[in-house]
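S.K.: For reference, this is entry-v2.cif, and it has mmCIF, C-alpha atoms, pLDDT in the B column; chains and numbers go by the auth columns.
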```cif
data_run
loop_
_atom_site.group_PDB
_atom_site.id
_atom_site.type_symbol
_atom_site.label_atom_id
_atom_site.label_comp_id
_atom_site.label_asym_id
_atom_site.label_seq_id
_atom_site.Cartn_x
_atom_site.Cartn_y
_atom_site.Cartn_z
_atom_site.B_iso_or_equiv
_atom_site.auth_seq_id
_atom_site.auth_asym_id
ATOM 1 C CA ASP A 1 7.657 -26.168 15.486 65.00 1364 A
ATOM 2 C CA ALA A 2 7.925 -29.934 15.091 81.00 1365 A
ATOM 3 C CA GLY A 3 4.593 -30.191 13.364 94.00 1366 A
ATOM 4 C CA VAL A 4 1.835 -32.583 14.344 97.00 1367 A
ATOM 5 C CA ILE A 5 3.264 -35.543 16.229 97.00 1368 A
ATOM 6 C CA GLN A 6 1.626 -38.955 16.212 98.00 1369 A
ATOM 7 C CA SER A 7 2.530 -42.103 18.071 97.00 1370 A
ATOM 8 C CA PRO A 8 3.057 -44.895 17.544 98.00 1371 A
ATOM 9 C CA ARG A 9 3.974 -44.772 13.853 97.00 1372 A
ATOM 10 C CA HIS A 10 3.169 -48.447 13.445 97.00 1373 A
ATOM 11 C CA GLU A 11 0.970 -50.686 15.528 98.00 1374 A
ATOM 12 C CA VAL A 12 0.304 -54.367 15.053 98.00 1375 A
ATOM 13 C CA THR A 13 -2.227 -55.947 17.346 97.00 1376 A
ATOM 14 C CA GLU A 14 -4.508 -58.936 17.556 97.00 1377 A
ATOM 15 C CA MET A 15 -8.223 -58.816 17.111 97.00 1378 A
ATOM 16 C CA GLY A 16 -9.992 -57.989 20.345 97.00 1379 A
ATOM 17 C CA GLN A 17 -7.177 -55.941 21.820 98.00 1380 A
ATOM 18 C CA GLU A 18 -7.471 -52.296 22.779 98.00 1381 A
ATOM 19 C CA VAL A 19 -5.558 -49.832 20.646 98.00 1382 A
ATOM 20 C CA THR A 20 -4.733 -46.248 21.602 98.00 1383 A
ATOM 21 C CA LEU A 21 -3.386 -43.769 19.087 98.00 1384 A
ATOM 22 C CA ARG A 22 -1.909 -40.490 20.258 98.00 1385 A
ATOM 23 C CA CYS A 23 -1.613 -37.049 18.751 98.00 1386 A
ATOM 24 C CA LYS A 24 0.089 -33.815 19.735 98.00 1387 A
ATOM 25 C CA PRO A 25 -1.167 -30.893 17.639 96.00 1388 A
ATOM 26 C CA ILE A 26 0.854 -27.871 16.630 95.00 1389 A
ATOM 27 C CA SER A 27 1.147 -25.407 19.484 94.00 1390 A
ATOM 28 C CA GLY A 28 -1.374 -22.599 19.165 91.00 1391 A
ATOM 29 C CA HIS A 29 -3.773 -24.545 16.978 91.00 1392 A
ATOM 30 C CA ASN A 30 -7.213 -24.918 18.467 89.00 1393 A
ATOM 31 C CA SER A 31 -8.822 -27.430 16.122 90.00 1394 A
ATOM 32 C CA LEU A 32 -7.922 -31.085 15.873 93.00 1395 A
ATOM 33 C CA PHE A 33 -9.077 -33.720 13.416 94.00 1396 A
ATOM 34 C CA TRP A 34 -8.817 -37.506 13.263 96.00 1397 A
ATOM 35 C CA TYR A 35 -8.932 -39.216 9.862 95.00 1398 A
ATOM 36 C CA ARG A 36 -8.718 -42.785 8.654 97.00 1399 A
ATOM 37 C CA GLN A 37 -7.368 -43.767 5.245 96.00 1400 A
ATOM 38 C CA THR A 38 -7.803 -47.070 3.430 95.00 1401 A
ATOM 39 C CA MET A 39 -7.518 -48.043 -0.200 92.00 1402 A
ATOM 40 C CA MET A 40 -11.195 -48.900 -0.364 91.00 1403 A
ATOM 41 C CA ARG A 41 -12.694 -45.894 1.409 91.00 1404 A
ATOM 42 C CA GLY A 42 -10.069 -43.207 0.913 91.00 1405 A
ATOM 43 C CA LEU A 43 -9.562 -40.517 3.525 92.00 1406 A
ATOM 44 C CA GLU A 44 -12.444 -40.303 5.998 92.00 1407 A
ATOM 45 C CA LEU A 45 -12.971 -37.693 8.675 92.00 1408 A
ATOM 46 C CA LEU A 46 -13.768 -39.452 11.944 95.00 1409 A
ATOM 47 C CA ILE A 47 -14.099 -36.644 14.466 94.00 1410 A
ATOM 48 C CA TYR A 48 -13.002 -33.089 15.053 91.00 1411 A
ATOM 49 C CA PHE A 49 -12.489 -30.938 18.117 92.00 1412 A
ATOM 50 C CA ASN A 50 -12.471 -27.203 18.609 90.00 1413 A
ATOM 51 C CA ASN A 51 -10.947 -25.799 21.790 91.00 1414 A
ATOM 52 C CA ASN A 52 -10.765 -29.352 23.133 93.00 1415 A
ATOM 53 C CA VAL A 53 -14.502 -29.922 22.678 93.00 1416 A
ATOM 54 C CA PRO A 54 -15.764 -32.568 20.250 93.00 1417 A
ATOM 55 C CA ILE A 55 -17.806 -30.793 17.589 89.00 1418 A
ATOM 56 C CA ASP A 56 -18.808 -33.590 15.254 88.00 1419 A
ATOM 57 C CA ASP A 57 -18.211 -37.304 15.742 91.00 1420 A
ATOM 58 C CA SER A 58 -20.610 -38.470 13.049 89.00 1421 A
ATOM 59 C CA GLY A 59 -17.723 -40.040 11.158 90.00 1422 A
ATOM 60 C CA MET A 60 -16.808 -42.407 13.959 94.00 1423 A
ATOM 61 C CA PRO A 61 -17.689 -45.811 12.519 88.00 1424 A
ATOM 62 C CA GLU A 62 -18.879 -47.594 15.633 87.00 1425 A
ATOM 63 C CA ASP A 63 -19.112 -47.388 19.385 92.00 1426 A
ATOM 64 C CA ARG A 64 -15.839 -49.273 19.514 96.00 1427 A
ATOM 65 C CA PHE A 65 -14.173 -46.003 18.535 97.00 1428 A
ATOM 66 C CA SER A 66 -13.757 -43.154 20.994 97.00 1429 A
ATOM 67 C CA ALA A 67 -11.684 -39.987 21.011 98.00 1430 A
ATOM 68 C CA LYS A 68 -10.689 -37.573 23.717 97.00 1431 A
ATOM 69 C CA MET A 69 -8.864 -34.298 23.958 97.00 1432 A
ATOM 70 C CA PRO A 70 -8.099 -33.635 27.626 97.00 1433 A
ATOM 71 C CA ASN A 71 -6.060 -30.522 26.852 95.00 1434 A
ATOM 72 C CA ALA A 72 -4.890 -28.366 23.984 94.00 1435 A
ATOM 73 C CA SER A 73 -1.734 -30.372 23.411 95.00 1436 A
ATOM 74 C CA PHE A 74 -2.938 -33.948 23.431 97.00 1437 A
ATOM 75 C CA SER A 75 -5.601 -36.179 21.916 98.00 1438 A
ATOM 76 C CA THR A 76 -6.222 -39.911 21.786 98.00 1439 A
ATOM 77 C CA LEU A 77 -8.200 -42.175 19.507 98.00 1440 A
ATOM 78 C CA LYS A 78 -9.090 -45.483 21.089 98.00 1441 A
ATOM 79 C CA ILE A 79 -10.439 -48.627 19.482 97.00 1442 A
ATOM 80 C CA GLN A 80 -11.804 -51.240 21.848 97.00 1443 A
ATOM 81 C CA PRO A 81 -12.081 -54.027 20.857 96.00 1444 A
ATOM 82 C CA SER A 82 -10.134 -53.835 17.611 97.00 1445 A
ATOM 83 C CA GLU A 83 -11.120 -55.804 14.512 97.00 1446 A
ATOM 84 C CA PRO A 84 -9.211 -56.646 11.310 97.00 1447 A
ATOM 85 C CA ARG A 85 -11.373 -54.200 9.337 96.00 1448 A
ATOM 86 C CA ASP A 86 -9.969 -51.379 11.466 97.00 1449 A
ATOM 87 C CA SER A 87 -6.619 -51.835 9.743 98.00 1450 A
ATOM 88 C CA ALA A 88 -5.802 -48.500 8.140 98.00 1451 A
ATOM 89 C CA VAL A 89 -3.589 -45.450 8.404 98.00 1452 A
ATOM 90 C CA TYR A 90 -4.908 -43.028 10.992 98.00 1453 A
ATOM 91 C CA PHE A 91 -4.010 -39.376 10.586 98.00 1454 A
ATOM 92 C CA CYS A 92 -4.291 -36.553 13.045 97.00 1455 A
ATOM 93 C CA ALA A 93 -4.404 -32.965 11.790 94.00 1456 A
ATOM 94 C CA SER A 94 -4.594 -29.593 13.473 93.00 1457 A
ATOM 95 C CA SER A 95 -5.521 -26.109 12.371 90.00 1458 A
ATOM 96 C CA PHE A 96 -6.024 -22.610 13.653 84.00 1459 A
ATOM 97 C CA TYR A 97 -9.681 -21.702 13.420 66.00 1460 A
ATOM 98 C CA GLN A 98 -9.635 -18.655 11.222 54.00 1461 A
ATOM 99 C CA GLY A 99 -11.727 -19.675 8.270 47.00 1462 A
ATOM 100 C CA GLY A 100 -10.884 -21.725 5.234 53.00 1463 A
ATOM 101 C CA GLY A 101 -9.718 -24.852 6.950 66.00 1464 A
ATOM 102 C CA GLU A 102 -5.996 -25.175 6.241 84.00 1465 A
ATOM 103 C CA GLN A 103 -5.020 -28.278 8.163 90.00 1466 A
ATOM 104 C CA TYR A 104 -1.593 -29.615 9.045 93.00 1467 A
ATOM 105 C CA PHE A 105 -1.383 -33.386 9.036 95.00 1468 A
ATOM 106 C CA GLY A 106 0.799 -35.656 11.083 97.00 1469 A
ATOM 107 C CA PRO A 107 2.754 -38.574 9.620 96.00 1470 A
ATOM 108 C CA GLY A 108 0.033 -41.063 10.488 97.00 1471 A
ATOM 109 C CA THR A 109 -0.168 -44.314 12.428 98.00 1472 A
ATOM 110 C CA ARG A 110 -0.343 -47.469 10.376 98.00 1473 A
ATOM 111 C CA LEU A 111 -2.553 -49.905 12.278 98.00 1474 A
ATOM 112 C CA THR A 112 -2.673 -53.589 11.444 98.00 1475 A
ATOM 113 C CA VAL A 113 -5.150 -55.788 13.289 98.00 1476 A
ATOM 114 C CA THR A 114 -4.608 -59.510 12.773 97.00 1477 A
ATOM 115 C CA LEU B 1 -21.008 -29.703 1.820 63.00 624 B
ATOM 116 C CA ALA B 2 -20.596 -29.457 -1.925 69.00 625 B
ATOM 117 C CA LYS B 3 -19.531 -32.650 -3.638 83.00 626 B
ATOM 118 C CA THR B 4 -16.413 -32.431 -5.796 90.00 627 B
ATOM 119 C CA THR B 5 -15.559 -34.297 -8.987 92.00 628 B
ATOM 120 C CA GLN B 6 -12.063 -34.521 -10.405 95.00 629 B
ATOM 121 C CA PRO B 7 -10.257 -36.869 -12.806 96.00 630 B
ATOM 122 C CA ILE B 8 -9.046 -40.096 -11.282 95.00 631 B
ATOM 123 C CA SER B 9 -5.595 -39.878 -12.837 97.00 632 B
ATOM 124 C CA MET B 10 -3.376 -37.789 -15.081 97.00 633 B
ATOM 125 C CA ASP B 11 -0.006 -38.311 -16.690 97.00 634 B
ATOM 126 C CA SER B 12 2.507 -35.618 -17.538 97.00 635 B
ATOM 127 C CA TYR B 13 6.156 -35.137 -18.381 97.00 636 B
ATOM 128 C CA GLU B 14 8.784 -33.228 -16.527 97.00 637 B
ATOM 129 C CA GLY B 15 8.821 -29.528 -17.323 97.00 638 B
ATOM 130 C CA GLN B 16 5.207 -29.376 -18.463 97.00 639 B
ATOM 131 C CA GLU B 17 2.453 -27.342 -16.897 97.00 640 B
ATOM 132 C CA VAL B 18 -0.281 -29.478 -15.376 98.00 641 B
ATOM 133 C CA ASN B 19 -3.849 -28.320 -14.895 98.00 642 B
ATOM 134 C CA ILE B 20 -6.230 -30.343 -12.742 97.00 643 B
ATOM 135 C CA THR B 21 -9.858 -29.284 -12.878 96.00 644 B
ATOM 136 C CA CYS B 22 -12.383 -29.915 -10.144 95.00 645 B
ATOM 137 C CA SER B 23 -16.155 -29.552 -10.427 94.00 646 B
ATOM 138 C CA HIS B 24 -18.195 -28.375 -7.447 91.00 647 B
ATOM 139 C CA ASN B 25 -21.605 -27.476 -8.820 89.00 648 B
ATOM 140 C CA ASN B 26 -23.292 -27.109 -5.453 88.00 649 B
ATOM 141 C CA ILE B 27 -20.767 -24.773 -3.877 89.00 650 B
ATOM 142 C CA ALA B 28 -22.309 -22.391 -1.371 87.00 651 B
ATOM 143 C CA THR B 29 -21.685 -18.695 -0.905 87.00 652 B
ATOM 144 C CA ASN B 30 -19.440 -19.103 2.130 83.00 653 B
ATOM 145 C CA ASP B 31 -17.445 -22.056 0.832 87.00 654 B
ATOM 146 C CA TYR B 32 -13.748 -21.911 0.012 89.00 655 B
ATOM 147 C CA ILE B 33 -11.938 -24.148 -2.470 91.00 656 B
ATOM 148 C CA THR B 34 -8.902 -25.879 -1.060 91.00 657 B
ATOM 149 C CA TRP B 35 -6.336 -28.210 -2.594 95.00 658 B
ATOM 150 C CA TYR B 36 -4.117 -30.721 -0.835 96.00 659 B
ATOM 151 C CA GLN B 37 -1.261 -32.893 -2.049 97.00 660 B
ATOM 152 C CA GLN B 38 -0.448 -36.330 -0.675 97.00 661 B
ATOM 153 C CA PHE B 39 2.684 -38.369 -1.251 96.00 662 B
ATOM 154 C CA PRO B 40 2.767 -42.108 -0.499 92.00 663 B
ATOM 155 C CA SER B 41 3.124 -42.878 3.211 90.00 664 B
ATOM 156 C CA GLN B 42 2.587 -39.248 4.202 94.00 665 B
ATOM 157 C CA GLY B 43 -0.330 -37.155 5.360 95.00 666 B
ATOM 158 C CA PRO B 44 -1.927 -34.649 2.982 95.00 667 B
ATOM 159 C CA ARG B 45 -0.242 -31.276 2.677 96.00 668 B
ATOM 160 C CA PHE B 46 -2.080 -28.017 2.061 93.00 669 B
ATOM 161 C CA ILE B 47 -1.236 -26.455 -1.308 95.00 670 B
ATOM 162 C CA ILE B 48 -3.522 -23.531 -1.957 94.00 671 B
ATOM 163 C CA GLN B 49 -6.915 -22.093 -1.189 91.00 672 B
ATOM 164 C CA GLY B 50 -9.159 -19.562 -2.857 91.00 673 B
ATOM 165 C CA TYR B 51 -12.602 -18.047 -2.976 91.00 674 B
ATOM 166 C CA LYS B 52 -12.768 -16.483 -6.439 90.00 675 B
ATOM 167 C CA THR B 53 -10.674 -15.359 -9.426 91.00 676 B
ATOM 168 C CA LYS B 54 -7.017 -16.315 -9.134 95.00 677 B
ATOM 169 C CA VAL B 55 -4.702 -17.148 -6.287 94.00 678 B
ATOM 170 C CA THR B 56 -0.993 -17.814 -6.701 95.00 679 B
ATOM 171 C CA ASN B 57 1.675 -18.933 -4.303 94.00 680 B
ATOM 172 C CA GLU B 58 5.176 -20.340 -4.641 93.00 681 B
ATOM 173 C CA VAL B 59 3.841 -23.806 -5.424 92.00 682 B
ATOM 174 C CA ALA B 60 0.751 -23.427 -7.604 96.00 683 B
ATOM 175 C CA SER B 61 -1.985 -21.237 -8.986 97.00 684 B
ATOM 176 C CA LEU B 62 -5.686 -21.662 -8.479 97.00 685 B
ATOM 177 C CA PHE B 63 -8.143 -20.377 -11.050 97.00 686 B
ATOM 178 C CA ILE B 64 -11.799 -19.978 -10.094 96.00 687 B
ATOM 179 C CA PRO B 65 -14.347 -18.689 -12.627 95.00 688 B
ATOM 180 C CA ALA B 66 -17.046 -16.228 -11.679 94.00 689 B
ATOM 181 C CA ASP B 67 -19.722 -18.872 -11.115 94.00 690 B
ATOM 182 C CA ARG B 68 -17.356 -20.814 -8.827 94.00 691 B
ATOM 183 C CA LYS B 69 -18.768 -24.135 -9.988 94.00 692 B
ATOM 184 C CA SER B 70 -15.325 -25.380 -10.895 95.00 693 B
ATOM 185 C CA SER B 71 -11.704 -24.624 -10.162 96.00 694 B
ATOM 186 C CA THR B 72 -8.380 -25.449 -11.762 97.00 695 B
ATOM 187 C CA LEU B 73 -5.161 -26.167 -9.956 97.00 696 B
ATOM 188 C CA SER B 74 -2.173 -25.263 -12.101 98.00 697 B
ATOM 189 C CA LEU B 75 1.271 -26.686 -11.389 97.00 698 B
ATOM 190 C CA PRO B 76 3.971 -24.957 -13.445 94.00 699 B
ATOM 191 C CA ARG B 77 6.855 -26.993 -14.828 93.00 700 B
ATOM 192 C CA VAL B 78 6.255 -30.209 -12.893 97.00 701 B
ATOM 193 C CA SER B 79 9.086 -32.466 -11.833 96.00 702 B
ATOM 194 C CA LEU B 80 9.200 -36.150 -10.909 97.00 703 B
ATOM 195 C CA SER B 81 8.735 -35.178 -7.268 96.00 704 B
ATOM 196 C CA ASP B 82 5.294 -33.751 -8.046 96.00 705 B
ATOM 197 C CA THR B 83 3.991 -37.281 -8.541 97.00 706 B
ATOM 198 C CA ALA B 84 1.291 -37.477 -5.898 97.00 707 B
ATOM 199 C CA VAL B 85 -2.436 -37.509 -5.285 97.00 708 B
ATOM 200 C CA TYR B 86 -4.115 -34.101 -5.440 98.00 709 B
ATOM 201 C CA TYR B 87 -7.369 -33.508 -3.578 96.00 710 B
ATOM 202 C CA CYS B 88 -9.877 -30.770 -4.233 94.00 711 B
ATOM 203 C CA LEU B 89 -12.088 -29.865 -1.285 90.00 712 B
ATOM 204 C CA VAL B 90 -14.880 -27.405 -0.727 88.00 713 B
ATOM 205 C CA VAL B 91 -14.698 -26.128 2.820 83.00 714 B
ATOM 206 C CA LEU B 92 -17.204 -24.008 4.654 75.00 715 B
ATOM 207 C CA SER B 93 -15.821 -20.728 5.909 67.00 716 B
ATOM 208 C CA GLY B 94 -14.696 -21.583 9.415 62.00 717 B
ATOM 209 C CA GLY B 95 -13.164 -24.770 8.082 60.00 718 B
ATOM 210 C CA PHE B 96 -14.319 -27.576 10.265 70.00 719 B
ATOM 211 C CA LYS B 97 -15.917 -30.310 8.263 73.00 720 B
ATOM 212 C CA THR B 98 -13.622 -31.458 5.464 79.00 721 B
ATOM 213 C CA ILE B 99 -14.590 -34.160 3.018 81.00 722 B
ATOM 214 C CA PHE B 100 -11.824 -35.623 0.892 85.00 723 B
ATOM 215 C CA GLY B 101 -12.858 -37.237 -2.382 85.00 724 B
ATOM 216 C CA ALA B 102 -10.884 -39.811 -4.306 88.00 725 B
ATOM 217 C CA GLY B 103 -8.406 -37.239 -5.577 94.00 726 B
ATOM 218 C CA THR B 104 -6.423 -37.110 -8.805 97.00 727 B
ATOM 219 C CA ARG B 105 -3.376 -39.303 -9.064 97.00 728 B
ATOM 220 C CA LEU B 106 -0.753 -37.353 -11.022 98.00 729 B
ATOM 221 C CA PHE B 107 2.127 -39.313 -12.466 98.00 730 B
ATOM 222 C CA VAL B 108 5.039 -37.295 -13.826 97.00 731 B
ATOM 223 C CA LYS B 109 7.318 -39.097 -16.219 97.00 732 B
ATOM 224 C CA ALA B 110 10.884 -38.295 -17.193 95.00 733 B
#
```
Can I see the file as structure tokens?

M.R.:
Amino acid sequence: DAGVIQSPRHEVTEMGQEVTLRCKPISGHNSLFWYRQTMMRGLELLIYFNNNVPIDDSGMPEDRFSAKMPNASFSTLKIQPSEPRDSAVYFCASSFYQGGGEQYFGPGTRLTVT
Amino acid sequence: LAKTTQPISMDSYEGQEVNITCSHNNIATNDYITWYQQFPSQGPRFIIQGYKTKVTNEVASLFIPADRKSSTLSLPRVSLSDTAVYYCLVVLSGGFKTIFGAGTRLFVKA
């Protein structure tokens, strides 16, 4: 398996623009997680899905952030409109729900909002 | 979720054994202890997980005392490539909500 795939790997955009980050989880995994990592705040869990259903989005910072998982092999995290403080590395992770929570992380998307 | 406390940083030399201790005083009955490793510019990578006593795999050992209020990750004979940030997490059985703390930055010197 190729592991968790994220695209793009790098994104530079201007304030106010819409940004869409994409994630393909590992085949057979039924849980998906979006994280954000910054130097100041560390690694923060934004939202997680189980069987394509959002379970907890309490980590989503604002209404400007939204996430979807239309099927088991694809998820998006959208920021609209983007702001400079959204600059961070965004990670997607997937796991097989069997207890314990071992998650497999993707390589991340480095987002820079100018 | 139980809060975890671990040292901010540690230094070691190649070939030494490194032990990183994590405190989780409020761990609940159904919680597991999980450790991740993160290299610069990469996502975290699962290392090991345990519930009680000792767990060992090809990478590390995890020691958990009977009261489960702390745990120790043991890395045998570290090399320069083990320089990374190590995160201790307490995860509810079922493993959905995961809270990463600040982690321990391990620096291995030659």

S.K.: Applied to this file, what does the PyMOL selection byres ((chain B) within 12 of (chain A)) return in terms of residues, put as a PyMOL selection string?

M.R.: chain B and resi 653-674+708+710+712-726

S.K.: CA of Asn648 (chain B) and CA of Gln629 (chain B), how far apart in Å?

M.R.: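 About the pair CA of Gln629 (chain B) and CA of Asn648 (chain B): they are 12.0 Å apart.
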
S.K.: What is the distance between CA of Ser632 (chain B) and CA of Leu698 (chain B), in Å to one decimal?

M.R.: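 CA of Ser632 (chain B) sits 14.9 Å away from CA of Leu698 (chain B).
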
S.K.: Could you jot down the CA of Leu696 (chain B) to CA of His1392 (chain A) separation for me, Å, one decimal place?

M.R.: 27.0 Å

S.K.: Name the residues captured by the PyMOL selection byres ((chain B and resi 649) around 8) when it is applied to the shown file; answer as a list of chain:residue names.

M.R.: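 What the PyMOL selection byres ((chain B and resi 649) around 8) grabs from the file is B:Ala625, B:Lys626, B:His647, B:Asn648, B:Ile650, B:Ala651, B:Lys692.
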
S.K.: Can you tell me, as an NGL selection string, what residues are no more than 8 Å from Lys1431 (chain A) when counting all atoms listed in the file, ignoring any on the same chain fewer than 5 positions away?

M.R.: :A and (1417 or 1438-1440)

S.K.: Can you list what the PyMOL selection byres ((chain B and resi 728) around 8) grabs from this structure, as a PyMOL selection string?

M.R.: chain B and resi 631-633+706-709+726-727+729-730

S.K.: Here is a test: counting all atoms listed in the file, which residue of B:Ser702, B:Asn642, B:Thr627, B:Thr652 is nearest to Lys675 (chain B)?

M.R.: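 Comparing B:Ser702, B:Asn642, B:Thr627, B:Thr652 against Lys675 (chain B), the winner is B:Thr652.
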